[in-house]
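Colleague: Can you keep this structure in mind? I'll have questions shortly.
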Amino acid sequence: MRRPHIRSRHLAIALAVTTAATLTAGAAIAAPAAPAAPSTAGTPSLVATARAAAYAHSATTGVSKQDTLTVTDTLVDPDGHRHVRFVRTHRGMPVLGGDLVIHLGADSAYQGVTRAARHQVDLPATDPKLSAHQAAAKAAAAAQGTAGEPQLVVDAREGRTALAYQVQVDDSRTVEAGGARTVVIDATTGSVLSNIPVNDPFLSPSVLHKLRQRGERLTPGTAAATTPAAPNKPAAGHYPAPATGTGASLFVGTVPLSTTQTAKNAFVLRDGTRGNTETRDAGGKELDKFIAAKPLTHGTNRWGNGTTADRTTAAVDAQFGITSTLDFYKKTFGRKGIKNDGAGAHALVHFGKNVGNAFWSSDCGCMLYGDGDGKLFTKPLVVLDVTGHELTHGVVDATAGLQPTRVDAEGHQFGEPGALNESLADIFGSAVEFAANNPKNPPNYLMGEKLGLAQKFLRRLDKPSLDKLEGTVDYWSKDTYDTEVHAGSGVSSHAFYLLAEGSGKKTIGGVAYDSPTYDGAKVTGIGRDKATAIFYRALTRYMVSTTDFHDARTATLQAAKDLYGAGSTAYRTVDRAWAAVNVTTANAPTR
């Protein structure tokens, strides 16, 4: 939850009536596991066609002549359908909550739009009553830090159209490890419209508070690692050259690592086969730039010793977790990197002093791992599903950009879009475990089971309410709109589990599950692969910054229709899984 797109309650997946049938035609794809690789750059003609359609169909898209659209993502399906994601400016100012996706057929005809706000953005007056200096002072006071340069924006969230200042505040004393916050100040009234942390922590403030209240000291379940085997020797002569080393980790045993050889007896922990994915040592500093950290080098290409006594051990886990996550997204969906641009991912281990958390930083574009606070956490949080979870926040950031509806003074985040963000991170974080299938870290539908918590996990997908630390819920209710995001994440996580595995008792990989339903009716799952494909397609094509659970139901139904057809078992099971968590057409909020 990095950027301040606090949601409007209004999202529409609008389909042009004249072309609605086209979405079904040719949409039944037998095997979603290996789709054609999507295009992120987009051809100029495709982007121009989508942009022209947005203006031509302004009654449904909400785009006016005063708006300028900037493309952020393009996807071309195997059957030729196209999806172009835009952010916009209004009268030259960025619009918060103004994102939209234009859907085109294989013939480039307009088929519909997914938009974050339904109302028309129209701001005739662009002269702020508040000065930039006054806005910076208010932002600094709200976030308790040092304010940067204010930028005028249009805030179209929560159904409003307001002239505002957006300010990044660094060294915030309200954020763990002194991170940054993005603050939005109303340029007319001076009120704080939003105040969101830039970095996303794996462990929420509420969890940390409860654990400290209990005096619980975590004992992470590390895995015994053997002495790394002798690495493969690359051909001598030309450097830098790709190399294969081995690493003794904390949590996943001894694993192979793709590295880079820079001289005869010199290697750096950088993976050139995965877009130069690299892990570096922050040296106990709270660095905000990856390049400022120390590269990790070795003379023998054998990394770590399975304990924290060796500073590279945590880096082995981090690098393995990141490459496993990248491999999952590429092999499963054809996604090339977090932003689908071919670039690798970065990590900083030994981040800060006494930091008992792990973070995804969109500003840095990297994972940040603390070493533990020495009290609650005694080891780095370089666990595989933690990495999969946090890097998925990066994927969400690069696609739908789901945001919480509000953040309180203690940093607790609330609202359904933020909860859906946390849920998707859990869903795909779990999927990373299944894809890696590491014997020292067996895959399951539990999150944080390696952290050493007394309840044996942080969250779980089959029956989320078994998580007593965060009070996670199993079913949707009207209260979910303003529920803390980790607690609210159970709604869509539970729907996903039911879609994949079905209801009732089941043992998978030695873990016992027993998933209930809201109405007591049975759900028969369609399998993890199909369920994952449906949720990924929904995220990347049909979700925007304000998507709530009812919108997510619509998005996953559309994704199932695209992949398997409207009359398929998969489509009917998606509908049934959402009904089983009390998300239905009948109880959808009024738009």
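The way I read the labels, and the way they are meant: chains A, B, ... in the order of the structure tokens, residue 1 as the first residue of every chain, and ligand 1 as the first ligand shown, with later ones counted on from there.
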Can you list, as a ChimeraX atom specification, every protein, DNA or RNA residue that comes within 10 Å of region 511-527 of chain A when you count only C-alpha atoms, leaving out same-chain residues fewer than 5 positions away?

Modeller: /A:442-446,460-464,474-476,494-506,532,569-571,573-574,576-583

Colleague: Please dump the current selection as a tab-separated table (two decimals), in the first residue's frame; keep N, CA and C atoms.

Modeller:
```tsv
chain	number	residue	atom	x	y	z
A	442	PRO	N	7.96	-26.99	3.12
A	442	PRO	CA	6.87	-27.62	2.37
A	442	PRO	C	5.73	-26.64	2.08
A	443	PRO	N	5.16	-26.69	0.87
A	443	PRO	CA	4.10	-25.75	0.51
A	443	PRO	C	2.79	-26.05	1.23
A	444	ASN	N	2.03	-24.98	1.49
A	444	ASN	CA	0.74	-25.12	2.17
A	444	ASN	C	-0.05	-23.83	1.99
A	445	TYR	N	-1.25	-23.81	2.56
A	445	TYR	CA	-2.11	-22.63	2.51
A	445	TYR	C	-2.02	-21.81	3.80
A	446	LEU	N	-0.88	-21.89	4.45
A	446	LEU	CA	-0.61	-21.10	5.65
A	446	LEU	C	0.38	-20.00	5.30
A	460	ARG	N	-4.14	-17.98	7.50
A	460	ARG	CA	-4.38	-19.18	6.69
A	460	ARG	C	-5.58	-18.95	5.80
A	461	LEU	N	-5.61	-19.65	4.66
A	461	LEU	CA	-6.62	-19.37	3.66
A	461	LEU	C	-7.89	-20.20	3.81
A	462	ASP	N	-7.80	-21.38	4.42
A	462	ASP	CA	-8.97	-22.26	4.47
A	462	ASP	C	-10.02	-21.81	5.47
A	463	LYS	N	-9.57	-21.37	6.62
A	463	LYS	CA	-10.46	-20.85	7.64
A	463	LYS	C	-9.75	-19.67	8.31
A	464	PRO	N	-9.83	-18.51	7.71
A	464	PRO	CA	-9.05	-17.36	8.16
A	464	PRO	C	-9.26	-16.99	9.63
A	474	ASP	N	-13.87	-14.70	8.23
A	474	ASP	CA	-14.15	-15.71	7.21
A	474	ASP	C	-15.09	-15.21	6.12
A	475	TYR	N	-15.99	-14.26	6.49
A	475	TYR	CA	-17.08	-13.88	5.59
A	475	TYR	C	-17.23	-12.36	5.50
A	476	TRP	N	-17.81	-11.93	4.38
A	476	TRP	CA	-18.09	-10.52	4.20
A	476	TRP	C	-19.30	-10.09	5.03
A	494	HIS	N	-10.40	-16.69	1.63
A	494	HIS	CA	-11.29	-17.82	1.85
A	494	HIS	C	-11.99	-18.20	0.53
A	495	ALA	N	-12.43	-17.20	-0.23
A	495	ALA	CA	-13.07	-17.47	-1.52
A	495	ALA	C	-12.11	-18.19	-2.45
A	496	PHE	N	-10.85	-17.76	-2.46
A	496	PHE	CA	-9.86	-18.42	-3.31
A	496	PHE	C	-9.66	-19.87	-2.90
A	497	TYR	N	-9.50	-20.11	-1.60
A	497	TYR	CA	-9.29	-21.49	-1.14
A	497	TYR	C	-10.46	-22.38	-1.54
A	498	LEU	N	-11.67	-21.89	-1.34
A	498	LEU	CA	-12.87	-22.67	-1.70
A	498	LEU	C	-12.90	-22.94	-3.20
A	499	LEU	N	-12.51	-21.96	-4.00
A	499	LEU	CA	-12.47	-22.15	-5.45
A	499	LEU	C	-11.45	-23.22	-5.83
A	500	ALA	N	-10.30	-23.20	-5.16
A	500	ALA	CA	-9.23	-24.13	-5.49
A	500	ALA	C	-9.46	-25.53	-4.92
A	501	GLU	N	-9.81	-25.60	-3.63
A	501	GLU	CA	-9.83	-26.89	-2.93
A	501	GLU	C	-11.22	-27.35	-2.48
A	502	GLY	N	-12.16	-26.42	-2.43
A	502	GLY	CA	-13.50	-26.79	-1.97
A	502	GLY	C	-13.64	-26.72	-0.47
A	503	SER	N	-14.85	-26.97	0.01
A	503	SER	CA	-15.15	-26.86	1.44
A	503	SER	C	-14.94	-28.19	2.15
A	504	GLY	N	-15.01	-28.14	3.48
A	504	GLY	CA	-14.92	-29.35	4.28
A	504	GLY	C	-13.49	-29.76	4.60
A	505	LYS	N	-13.37	-30.96	5.15
A	505	LYS	CA	-12.07	-31.46	5.61
A	505	LYS	C	-11.24	-31.99	4.45
A	506	LYS	N	-9.93	-31.70	4.54
A	506	LYS	CA	-9.01	-32.13	3.49
A	506	LYS	C	-7.60	-32.07	4.03
A	532	THR	N	-5.76	-20.09	-9.46
A	532	THR	CA	-4.69	-19.09	-9.50
A	532	THR	C	-4.74	-18.32	-10.82
A	569	THR	N	-17.81	-25.10	-15.63
A	569	THR	CA	-17.79	-25.42	-14.20
A	569	THR	C	-16.99	-24.38	-13.43
A	570	ALA	N	-15.89	-23.93	-14.03
A	570	ALA	CA	-15.05	-22.93	-13.37
A	570	ALA	C	-15.84	-21.65	-13.10
A	571	TYR	N	-16.60	-21.18	-14.09
A	571	TYR	CA	-17.39	-19.95	-13.92
A	571	TYR	C	-18.41	-20.12	-12.80
A	573	THR	N	-18.30	-22.19	-10.33
A	573	THR	CA	-17.64	-22.37	-9.03
A	573	THR	C	-17.13	-21.04	-8.48
A	574	VAL	N	-16.69	-20.16	-9.36
A	574	VAL	CA	-16.31	-18.81	-8.91
A	574	VAL	C	-17.50	-18.14	-8.23
A	576	ARG	N	-20.06	-19.59	-6.92
A	576	ARG	CA	-20.39	-20.33	-5.69
A	576	ARG	C	-19.40	-20.02	-4.57
A	577	ALA	N	-18.12	-19.89	-4.89
A	577	ALA	CA	-17.11	-19.61	-3.87
A	577	ALA	C	-17.33	-18.25	-3.23
A	578	TRP	N	-17.70	-17.25	-4.03
A	578	TRP	CA	-17.98	-15.93	-3.45
A	578	TRP	C	-19.25	-15.95	-2.61
A	579	ALA	N	-20.26	-16.67	-3.08
A	579	ALA	CA	-21.49	-16.79	-2.28
A	579	ALA	C	-21.20	-17.47	-0.94
A	580	ALA	N	-20.24	-18.40	-0.94
A	580	ALA	CA	-19.88	-19.13	0.27
A	580	ALA	C	-19.17	-18.25	1.30
A	581	VAL	N	-18.70	-17.07	0.87
A	581	VAL	CA	-18.14	-16.10	1.83
A	581	VAL	C	-19.05	-14.88	1.95
A	582	ASN	N	-20.29	-15.03	1.48
A	582	ASN	CA	-21.34	-14.01	1.61
A	582	ASN	C	-21.10	-12.79	0.73
A	583	VAL	N	-20.50	-12.98	-0.43
A	583	VAL	CA	-20.38	-11.91	-1.41
A	583	VAL	C	-21.25	-12.29	-2.60
```

Colleague: Could you name the residues that touch Pro240 (chain A) at 7 Å or less, counting only C-alpha atoms, but leaving out those on the same chain fewer than 3 positions away, as JSON, numbers by chain?

Modeller: {"A": [260, 261, 262]}

Colleague: Write the selection just made, keeping N, CA and C atoms, as a CSV table (one decimal), in the first residue's frame?

Modeller:
```
chain,number,residue,atom,x,y,z
A,260,THR,N,27.2,-14.2,-10.6
A,260,THR,CA,28.0,-13.6,-11.6
A,260,THR,C,29.5,-13.7,-11.2
A,261,GLN,N,30.3,-14.2,-12.1
A,261,GLN,CA,31.7,-14.3,-11.8
A,261,GLN,C,32.4,-13.1,-12.4
A,262,THR,N,33.1,-12.3,-11.6
A,262,THR,CA,33.7,-11.1,-12.1
A,262,THR,C,35.2,-11.2,-12.3
```

Colleague: Run DSSP on the backbone and give me the residues of region 124-190 of chain A it puts in strand (DSSP E or B), as an MDAnalysis selection string.

Modeller: chainID A and resid 146:147 151:155 162:170 181:186

Colleague: Using only C-alpha atoms for the distances, tell me which of A:Ala180, A:Leu163, A:Ala142, A:Ala293 is nearest to Asp200 (chain A).

Modeller: A:Ala180

Colleague: Neighbouring residues of region 398-414 of chain A were defined as those with any atom within 7 Å, considering only C-alpha atoms; residues of the same chain fewer than 2 positions away were excluded. Please report them as an NGL selection string.

Modeller: :A and (1 or 4-7 or 174 or 194-196 or 205 or 339 or 394-396 or 416-418 or 421 or 482-485 or 539-540 or 543-547)
